[in-house]
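Next up, entry.txt (compact mmCIF, C-alpha atoms):
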# COMPACT_ATOMS: atom_id res chain seq x y z
CA MET A 7 -61.23 -21.40 -7.41
CA LYS A 8 -58.94 -23.90 -9.14
CA LYS A 9 -57.36 -21.12 -11.23
CA LEU A 10 -56.80 -19.04 -8.09
CA LEU A 11 -55.00 -21.92 -6.38
CA LEU A 12 -52.79 -22.41 -9.46
CA LEU A 13 -51.88 -18.72 -9.49
CA ILE A 14 -50.99 -18.81 -5.79
CA ALA A 15 -48.88 -21.94 -6.29
CA PHE A 16 -47.08 -20.35 -9.27
CA SER A 17 -46.36 -17.19 -7.25
CA VAL A 18 -44.92 -19.18 -4.35
CA THR A 19 -42.76 -21.18 -6.80
CA LEU A 20 -41.33 -17.96 -8.32
CA GLN A 21 -40.49 -16.62 -4.88
CA GLY A 22 -38.51 -19.78 -4.21
CA PHE A 23 -36.15 -19.10 -7.11
CA SER A 24 -33.09 -16.84 -6.65
CA GLN A 25 -33.57 -13.38 -8.15
CA GLU A 26 -29.84 -12.54 -8.26
CA LEU A 27 -29.03 -10.61 -11.42
CA PRO A 28 -25.82 -8.96 -12.70
CA ASP A 29 -25.24 -5.38 -11.57
CA ALA A 30 -24.81 -2.79 -14.31
CA SER A 31 -22.08 -1.19 -12.16
CA PRO A 32 -20.46 -4.07 -10.25
CA ARG A 33 -18.91 -3.40 -6.86
CA SER A 34 -15.13 -3.64 -6.57
CA ILE A 35 -13.01 -3.96 -3.43
CA VAL A 36 -9.27 -3.26 -3.68
CA LYS A 37 -6.98 -4.02 -0.73
CA GLN A 38 -3.34 -3.01 -0.72
CA ARG A 39 -0.67 -2.83 1.96
CA VAL A 40 1.78 0.05 1.52
CA GLY A 41 4.67 0.01 4.00
CA LEU A 42 2.87 -0.67 7.29
CA THR A 43 -0.50 0.73 6.20
CA ASP A 44 -3.49 -1.18 4.82
CA ILE A 45 -5.47 0.80 2.24
CA GLU A 46 -8.87 -0.36 0.97
CA LEU A 47 -11.02 1.01 -1.85
CA ASN A 48 -14.69 0.09 -2.14
CA TYR A 49 -16.53 1.41 -5.20
CA SER A 50 -18.92 0.60 -8.04
CA ARG A 51 -17.69 0.50 -11.66
CA PRO A 52 -20.02 2.08 -14.22
CA SER A 53 -19.21 1.55 -17.92
CA VAL A 54 -18.99 3.98 -20.82
CA LYS A 55 -21.45 2.10 -23.08
CA GLY A 56 -20.86 4.46 -25.99
CA ARG A 57 -21.72 7.59 -24.01
CA GLU A 58 -19.81 10.84 -23.72
CA ILE A 59 -18.69 10.75 -20.10
CA PHE A 60 -16.87 13.89 -18.98
CA GLY A 61 -18.54 17.02 -20.24
CA GLY A 62 -21.57 14.89 -21.12
CA LEU A 63 -22.96 12.35 -18.66
CA ILE A 64 -20.91 14.10 -15.98
CA PRO A 65 -20.93 17.86 -16.72
CA PHE A 66 -17.75 19.81 -16.06
CA GLY A 67 -17.88 21.53 -12.68
CA LYS A 68 -20.27 18.91 -11.31
CA HIS A 69 -19.66 17.32 -7.90
CA TRP A 70 -19.73 13.64 -8.80
CA ARG A 71 -20.10 10.61 -6.51
CA LEU A 72 -17.07 9.05 -8.24
CA GLY A 73 -18.75 5.80 -9.14
CA ALA A 74 -22.32 4.54 -9.01
CA ASN A 75 -24.87 3.46 -6.41
CA LYS A 76 -23.60 3.76 -2.81
CA ASN A 77 -20.74 6.23 -2.43
CA SER A 78 -17.18 5.09 -2.99
CA THR A 79 -14.94 4.84 0.08
CA ILE A 80 -11.26 4.72 0.90
CA SER A 81 -9.91 3.37 4.21
CA PHE A 82 -6.53 3.80 5.91
CA SER A 83 -5.36 1.65 8.83
CA THR A 84 -2.93 4.37 9.96
CA ASP A 85 -2.70 8.13 9.69
CA ALA A 86 -1.73 9.25 6.20
CA HIS A 87 -1.21 12.26 3.95
CA PHE A 88 -3.74 12.46 1.11
CA GLY A 89 -2.35 14.99 -1.32
CA ARG A 90 -1.16 17.71 1.06
CA GLU A 91 -3.59 16.98 3.89
CA ASN A 92 -2.87 14.89 6.97
CA ILE A 93 -5.82 12.59 7.70
CA PRO A 94 -6.43 10.24 10.64
CA ALA A 95 -6.84 6.50 10.18
CA GLY A 96 -10.42 5.69 9.19
CA THR A 97 -12.90 5.27 6.33
CA TYR A 98 -13.95 8.20 4.15
CA SER A 99 -16.27 8.76 1.24
CA ILE A 100 -14.39 9.80 -1.88
CA THR A 101 -15.98 12.10 -4.47
CA ALA A 102 -14.72 14.49 -7.15
CA ILE A 103 -15.44 17.80 -8.83
CA VAL A 104 -14.61 17.14 -12.48
CA ASN A 105 -13.28 19.86 -14.77
CA GLU A 106 -11.80 19.65 -18.24
CA GLU A 107 -8.21 20.26 -17.12
CA ASN A 108 -8.27 19.11 -13.49
CA TRP A 109 -10.24 17.22 -10.87
CA THR A 110 -10.67 18.09 -7.22
CA VAL A 111 -10.82 14.82 -5.29
CA ILE A 112 -12.56 15.10 -1.92
CA LEU A 113 -12.48 12.91 1.19
CA ASN A 114 -15.41 13.38 3.57
CA SER A 115 -16.00 11.87 7.01
CA LYS A 116 -19.57 10.81 6.08
CA ASN A 117 -19.08 7.45 4.39
CA ASP A 118 -22.60 5.98 4.17
CA MET A 119 -24.22 8.19 1.52
CA TRP A 120 -26.10 7.20 -1.60
CA GLY A 121 -24.76 9.82 -3.97
CA ILE A 122 -23.96 13.46 -3.25
CA ASP A 123 -27.47 14.52 -2.23
CA ASP A 124 -27.75 12.01 0.61
CA GLY A 125 -26.29 14.05 3.47
CA TYR A 126 -23.05 15.40 1.98
CA ASN A 127 -21.80 18.40 3.96
CA PRO A 128 -18.63 20.24 2.83
CA ARG A 129 -17.93 21.12 6.47
CA GLU A 130 -17.21 17.42 7.00
CA ASP A 131 -14.50 17.34 4.31
CA VAL A 132 -11.18 16.11 5.65
CA ALA A 133 -9.12 16.61 2.48
CA ARG A 134 -9.34 18.18 -0.96
CA PHE A 135 -6.70 17.76 -3.62
CA THR A 136 -6.74 19.29 -7.10
CA THR A 137 -4.76 17.35 -9.69
CA PRO A 138 -4.34 17.71 -13.47
CA VAL A 139 -6.12 15.35 -15.86
CA GLU A 140 -3.99 13.17 -18.11
CA THR A 141 -5.21 11.60 -21.36
CA ARG A 142 -5.09 7.81 -21.46
CA THR A 143 -3.33 6.05 -24.31
CA SER A 144 -6.32 3.68 -24.48
CA ASP A 145 -9.90 4.17 -23.27
CA ALA A 146 -11.04 2.62 -19.98
CA GLU A 147 -14.50 1.16 -20.56
CA SER A 148 -15.21 0.75 -16.82
CA LEU A 149 -14.31 3.16 -14.03
CA TYR A 150 -11.06 2.09 -12.38
CA MET A 151 -9.55 3.00 -9.02
CA GLY A 152 -6.36 1.46 -7.72
CA ILE A 153 -3.30 1.94 -5.52
CA GLU A 154 -0.25 2.08 -7.77
CA ASP A 155 3.41 3.20 -7.88
CA LEU A 156 4.09 1.65 -4.48
CA THR A 157 7.12 2.61 -2.41
CA GLN A 158 7.91 1.96 1.24
CA ASN A 159 6.59 5.39 2.13
CA GLY A 160 3.62 5.91 -0.17
CA ALA A 161 1.77 5.31 -3.41
CA ASN A 162 -0.58 6.97 -5.86
CA LEU A 163 -4.33 6.65 -5.88
CA VAL A 164 -5.05 6.27 -9.60
CA ILE A 165 -8.54 6.98 -10.97
CA SER A 166 -9.35 6.50 -14.64
CA TRP A 167 -12.40 6.26 -16.84
CA ASP A 168 -12.97 6.70 -20.55
CA LYS A 169 -10.08 8.87 -21.82
CA SER A 170 -9.15 10.48 -18.48
CA ILE A 171 -6.77 9.53 -15.69
CA VAL A 172 -5.74 11.34 -12.48
CA ARG A 173 -3.22 10.53 -9.75
CA ILE A 174 -3.35 11.58 -6.11
CA PRO A 175 -0.21 11.06 -3.97
CA ILE A 176 -0.57 9.22 -0.68
CA THR A 177 2.37 9.50 1.72
CA LEU A 178 2.82 7.52 4.92
CA LYS A 179 4.91 7.65 8.07
CA THR A 180 6.32 4.16 7.51
CA ILE A 181 9.86 4.85 8.72
CA GLN A 182 8.65 6.59 11.86
CA MET A 183 6.24 3.73 12.62
CA ALA A 184 8.97 1.15 11.99
CA GLN A 185 11.38 2.97 14.32
CA ASN A 186 8.72 3.06 17.02
CA ASN A 187 8.13 -0.67 16.54
CA ILE A 188 11.87 -1.33 16.85
CA LEU A 189 12.13 0.63 20.09
CA ASP A 190 9.07 -1.15 21.51
CA ALA A 191 10.50 -4.57 20.61
CA LEU A 192 13.93 -3.74 22.07
CA ASN A 193 12.36 -2.47 25.29
CA GLU A 194 10.12 -5.52 25.57
CA LYS A 195 12.88 -8.08 24.88
CA PRO A 196 16.24 -6.37 25.51
CA GLU A 197 18.19 -9.66 25.38
CA ASP A 198 16.73 -10.91 22.09
CA PHE A 199 19.64 -10.79 19.65
CA LYS A 200 17.43 -11.55 16.64
CA ILE A 201 15.51 -8.35 17.31
CA LYS A 202 18.81 -6.46 17.65
CA ARG A 203 20.06 -7.86 14.36
CA THR A 204 16.81 -7.02 12.58
CA ALA A 205 16.89 -3.50 14.01
CA SER A 206 20.52 -3.01 12.95
CA ARG A 207 19.76 -4.22 9.42
CA PHE A 208 16.74 -1.90 9.13
CA TYR A 209 18.78 1.11 10.26
CA MET A 210 21.55 0.22 7.82
CA GLN A 211 19.29 -0.41 4.83
CA ASN A 212 17.50 2.90 5.37
CA ASP A 213 20.57 5.01 6.26
CA LEU A 214 19.21 5.68 9.74
CA GLU A 215 21.10 5.96 13.02
CA LEU A 216 24.18 4.11 11.77
CA ASN A 217 25.93 4.49 15.13
CA SER A 218 22.96 2.76 16.81
CA ALA A 219 23.08 0.10 14.11
CA LEU A 220 26.77 -0.48 14.85
CA GLU A 221 26.20 -0.67 18.58
CA LEU A 222 23.49 -3.28 18.11
CA MET A 223 25.54 -5.24 15.55
CA ASN A 224 28.55 -5.35 17.89
CA GLU A 225 26.33 -6.96 20.54
CA VAL A 226 25.03 -9.45 17.98
CA ILE A 227 28.55 -10.40 16.84
CA GLU A 228 29.75 -10.71 20.44
CA ASN A 229 26.86 -13.07 21.19
CA ASN A 230 27.49 -15.26 18.12
CA PRO A 231 30.79 -14.52 16.36
CA GLU A 232 30.65 -17.74 14.33
CA SER A 233 27.50 -16.85 12.38
CA TRP A 234 28.35 -16.17 8.73
CA TYR A 235 25.20 -14.09 8.37
CA ASN A 236 26.07 -11.89 11.35
CA ASN A 237 29.52 -11.26 9.90
CA TYR A 238 28.14 -10.49 6.44
CA LEU A 239 25.70 -7.93 7.87
CA TYR A 240 28.57 -6.42 9.85
CA ALA A 241 30.60 -6.20 6.63
CA GLN A 242 27.80 -4.35 4.86
CA LEU A 243 27.45 -1.95 7.77
CA MET A 244 31.20 -1.25 7.78
CA ALA A 245 31.08 -0.51 4.06
CA LYS A 246 28.21 1.92 4.55
CA MET A 247 30.12 3.63 7.37
CA GLY A 248 33.17 4.14 5.16
CA ASP A 249 35.48 1.42 6.52
CA PRO A 250 36.26 -0.85 3.53
CA LYS A 251 39.11 -2.71 5.30
CA SER A 252 36.87 -3.86 8.16
CA ALA A 253 34.13 -4.61 5.62
CA LYS A 254 36.47 -6.84 3.59
CA ASP A 255 37.79 -8.67 6.66
CA ALA A 256 34.25 -9.37 7.92
CA ALA A 257 33.09 -10.48 4.46
CA LYS A 258 36.01 -12.90 4.13
CA LYS A 259 35.21 -14.33 7.55
CA ALA A 260 31.56 -14.69 6.50
CA MET A 261 32.66 -16.60 3.40
CA VAL A 262 34.78 -19.06 5.41
CA LEU A 263 32.06 -19.61 8.01
CA GLY A 264 29.34 -19.94 5.37
CA ARG A 265 31.23 -22.56 3.37
CA LYS A 266 32.02 -24.50 6.54
CA ASP A 267 28.40 -24.43 7.68
CA ALA A 268 27.14 -25.53 4.26
CA LYS A 269 29.70 -28.36 4.04
CA GLU A 270 28.63 -29.71 7.43
CA LYS A 271 25.04 -29.76 6.19
CA GLY A 272 26.00 -31.34 2.86
CA GLU A 273 24.73 -28.28 1.00
CA LYS A 274 26.07 -25.64 -1.35
CA PHE A 275 26.79 -22.21 0.11
CA TYR A 276 24.41 -20.20 -2.02
CA TYR A 277 25.59 -16.75 -0.87
CA GLN A 278 29.23 -17.09 -1.90
CA ASP A 279 28.72 -15.30 -5.23
CA ASP A 280 26.99 -12.41 -3.45
CA ILE A 281 29.85 -12.10 -0.97
CA LYS A 282 32.47 -12.31 -3.73
CA SER A 283 30.71 -9.52 -5.61
CA PHE A 284 30.49 -7.46 -2.41
CA ILE A 285 34.25 -7.81 -1.76
CA LYS A 286 35.10 -7.00 -5.40
CA ASN A 287 33.06 -3.78 -5.29
CA LEU A 288 34.56 -2.42 -2.07

Structure encoded using structure tokens:
Amino acid sequence: MKKLLLLIAFSVTLQGFSQELPDASPRSIVKQRVGLTDIELNYSRPSVKGREIFGGLIPFGKHWRLGANKNSTISFSTDAHFGRENIPAGTYSITAIVNEENWTVILNSKNDMWGIDDGYNPREDVARFTTPVETRTSDAESLYMGIEDLTQNGANLVISWDKSIVRIPITLKTIQMAQNNILDALNEKPEDFKIKRTASRFYMQNDLELNSALELMNEVIENNPESWYNNYLYAQLMAKMGDPKSAKDAAKKAMVLGRKDAKEKGEKFYYQDDIKSFIKNL
């Protein structure tokens, strides 16, 4: 009886200790904003551990879960193009058919599987993209997925493991979304000159609707003609629209106003070198 009580006490003591142990394929979460879109990857990272991976552990032609344990997922906060396919905002499982010279990367609307055999249905695929395999300059011991080569309008999903690496282009409607946001803001606050200035600058920097940019900038200048920053933006817009004389005049005015403003504040005018360079290059 005494031994039985000791065994029970020992068992209860063991249950009180944490049983957390390291995962052989640790989970990784990657979050990246691209333009106006948030992209998230959630996947497990198996390691090579001296094994032959592609053509060995993962036979060529095999539909692979692209990771370990629960299926890997990719999420988009806005609509996007994955490869050549337009996909709605949402979370998708991401898997791959691995071949020696190319991979076919697949997004599927079922995102709660445990491997391929747990409810995968090709009729629920939302995108498939076949991309060539590149050879890495150095081996990747653990599976890696990341969002790289960022631009305002897209990025590449990069997947690499062992000696192989593939890239899948993701393109986004950033400019269209930004233009819609501008119109919404202007409609909501039509007398807000900061919004008008921001809108004009965005149009100018992206070579969009320059006449609209000029119309907005004229309103901004009329509201506050003594702002050095307003005049410098106007100068840049004039240069882009092919009017170097007006650009130079506005830039010179910006310089005078900027120096005056800085002197009144007991500061140095830190933009004078930029404006000098701008005038010189007209």

- In Å, how far is it from atom CA of A:Ser83 to atom CA of A:Gly96?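 These two atoms are separated by 6.5 Å.
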
- Considering all atoms listed in the file, return as an NGL selection string whatever protein or nucleic-acid residues lie within 12 Å of A:Lys246, sequence-local ones (same chain, fewer than 3 positions apart) excluded. :A and (207 or 209-217 or 219-220 or 239-243 or 249-253 or 284 or 288)

- Item | Long-range neighbours of A:Ile35 as a list in words, 9 Å cut-off, only C-alpha atoms, 6 positions minimum in chain |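 After dropping sequence-adjacent residues, the list is Glu46, Leu47, Asn48, Tyr49 and Ser50 of chain A.
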
Output for the residues just chosen: C-alpha atoms as a tab-separated table (two decimals), in the coordinates of the input:
chain	number	residue	atom	x	y	z
A	46	GLU	CA	-8.87	-0.36	0.97
A	47	LEU	CA	-11.02	1.01	-1.85
A	48	ASN	CA	-14.69	0.09	-2.14
A	49	TYR	CA	-16.53	1.41	-5.20
A	50	SER	CA	-18.92	0.60	-8.04

Which residues are near A:Lys282? Cut-off 10 Å, all atoms listed in the file, ignore same chain within fewer than 6 positions. Put them as a PDB file with C-alpha atoms, in the frame of the given file.
ATOM      1  CA  LYS A 254      36.470  -6.840   3.590  1.00  0.00           C
ATOM      2  CA  ALA A 257      33.090 -10.480   4.460  1.00  0.00           C
ATOM      3  CA  LYS A 258      36.010 -12.900   4.130  1.00  0.00           C
ATOM      4  CA  MET A 261      32.660 -16.600   3.400  1.00  0.00           C
TER       5      MET A 261
END

- Query: So how many Å separate atom CA of A:Lys266 and atom CA of A:Ala245, to one decimal?
  - Reply: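 Taking atom CA of A:Lys266 as the start and atom CA of A:Ala245 as the end point, the length is 24.1 Å.
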
- Query: What is the atom CA of A:Trp70-atom CA of A:Glu26 distance in Å, reported with one decimal?
  - Reply: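 Straight-line distance from atom CA of A:Trp70 to atom CA of A:Glu26 works out to 28.1 Å.
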
- Item | stretch 165-182 of chain A environment, 8 Å, all atoms listed in the file, sequence neighbours closer than 3 positions dropped, as a PyMOL selection string | chain A and resi 41-43+54+59+85-89+109+135+137-152+158-162+185-186

- Compute the distance from (-25.8, -1.5, -9.4) to each atom, counting all atoms listed in the file, keep the residues with any atom at most 9 Å away, and return them as a PyMOL selection string; use the coordinates of the file. chain A and resi 28-33+50-52+74-76

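Distance annotation: of A:Thr136, A:Tyr98, A:Glu106, A:Met119, the residue with the minimal separation from A:Asn77 is A:Met119; atom set is only C-alpha atoms.
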
- Using only C-alpha atoms, the shortest atom-to-atom distance to A:Ser233 among A:Asp267, A:Phe60, A:Asn287, A:Lys200 belongs to A:Asp267

- Task: Using only C-alpha atoms, pick whichever of A:Tyr126, A:Phe208, A:Tyr238, A:Phe275 has the shortest atom-to-atom distance to A:Asn114.
- Result: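 Checking each of A:Tyr126, A:Phe208, A:Tyr238, A:Phe275 against A:Asn114, counting only C-alpha atoms, the winner is A:Tyr126.
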
Take the structure in the block and write a file for stretch 75-164 of chain A, C-alpha atoms, as a compact mmCIF listing (two decimals), in the first residue's frame.
# COMPACT_ATOMS: atom_id res chain seq x y z
CA ASN A 75 2.99 18.91 -39.68
CA LYS A 76 -0.07 21.12 -40.30
CA ASN A 77 -0.25 22.49 -43.83
CA SER A 78 1.54 25.71 -44.70
CA THR A 79 -0.63 28.76 -45.38
CA ILE A 80 -0.35 32.12 -47.08
CA SER A 81 -2.70 35.02 -46.35
CA PHE A 82 -3.46 38.21 -48.29
CA SER A 83 -5.31 41.19 -46.81
CA THR A 84 -6.37 42.37 -50.28
CA ASP A 85 -6.98 40.77 -53.66
CA ALA A 86 -3.74 39.79 -55.38
CA HIS A 87 -2.26 38.05 -58.40
CA PHE A 88 -0.37 34.86 -57.51
CA GLY A 89 1.64 33.98 -60.58
CA ARG A 90 -0.91 34.59 -63.34
CA GLU A 91 -4.03 33.97 -61.25
CA ASN A 92 -6.18 36.62 -59.58
CA ILE A 93 -7.10 35.50 -56.06
CA PRO A 94 -9.42 37.13 -53.51
CA ALA A 95 -8.18 38.30 -50.12
CA GLY A 96 -8.05 35.37 -47.69
CA THR A 97 -5.97 32.51 -46.30
CA TYR A 98 -4.97 29.54 -48.45
CA SER A 99 -3.04 26.34 -47.98
CA ILE A 100 0.12 26.27 -50.07
CA THR A 101 1.51 23.01 -51.45
CA ALA A 102 3.75 21.99 -54.34
CA ILE A 103 4.30 19.30 -56.95
CA VAL A 104 8.07 18.95 -57.09
CA ASN A 105 9.90 17.99 -60.28
CA GLU A 106 13.58 18.03 -61.12
CA GLU A 107 13.39 21.10 -63.38
CA ASN A 108 10.28 22.88 -62.08
CA TRP A 109 7.78 23.07 -59.25
CA THR A 110 4.04 23.65 -59.50
CA VAL A 111 3.03 25.70 -56.46
CA ILE A 112 -0.65 25.38 -55.55
CA LEU A 113 -2.98 27.55 -53.47
CA ASN A 114 -6.11 25.81 -52.20
CA SER A 115 -9.10 27.26 -50.34
CA LYS A 116 -8.96 24.48 -47.70
CA ASN A 117 -6.42 25.77 -45.19
CA ASP A 118 -6.84 23.48 -42.16
CA MET A 119 -5.37 20.20 -43.45
CA TRP A 120 -2.75 17.98 -41.90
CA GLY A 121 -0.82 17.03 -45.00
CA ILE A 122 -2.17 16.32 -48.47
CA ASP A 123 -4.35 13.35 -47.53
CA ASP A 124 -6.44 15.28 -45.02
CA GLY A 125 -9.20 16.59 -47.28
CA TYR A 126 -7.25 18.09 -50.19
CA ASN A 127 -9.49 18.49 -53.25
CA PRO A 128 -8.02 19.84 -56.52
CA ARG A 129 -11.43 21.34 -57.35
CA GLU A 130 -10.80 23.78 -54.49
CA ASP A 131 -7.53 25.05 -56.01
CA VAL A 132 -7.55 28.80 -56.53
CA ALA A 133 -4.16 29.10 -58.25
CA ARG A 134 -1.42 26.97 -59.75
CA PHE A 135 1.89 28.35 -60.94
CA THR A 136 4.73 26.37 -62.50
CA THR A 137 8.16 27.91 -62.04
CA PRO A 138 11.69 26.73 -62.85
CA VAL A 139 14.00 25.46 -60.12
CA GLU A 140 17.23 27.36 -59.50
CA THR A 141 20.30 25.89 -57.79
CA ARG A 142 21.36 27.65 -54.61
CA THR A 143 24.93 28.84 -54.20
CA SER A 144 24.85 27.40 -50.67
CA ASP A 145 22.61 24.69 -49.18
CA ALA A 146 19.63 25.66 -47.02
CA GLU A 147 19.56 23.27 -44.06
CA SER A 148 16.00 24.23 -43.05
CA LEU A 149 13.06 24.91 -45.36
CA TYR A 150 12.69 28.63 -45.95
CA MET A 151 9.77 30.68 -47.24
CA GLY A 152 9.82 34.45 -47.43
CA ILE A 153 8.51 37.53 -49.22
CA GLU A 154 11.41 39.15 -51.06
CA ASP A 155 12.25 41.59 -53.89
CA LEU A 156 9.67 44.07 -52.64
CA THR A 157 8.34 46.87 -54.82
CA GLN A 158 5.33 49.13 -54.38
CA ASN A 159 3.29 46.84 -56.59
CA GLY A 160 4.48 43.35 -55.72
CA ALA A 161 7.12 40.93 -54.51
CA ASN A 162 8.34 37.38 -54.95
CA LEU A 163 7.39 34.45 -52.77
CA VAL A 164 10.74 32.68 -52.37
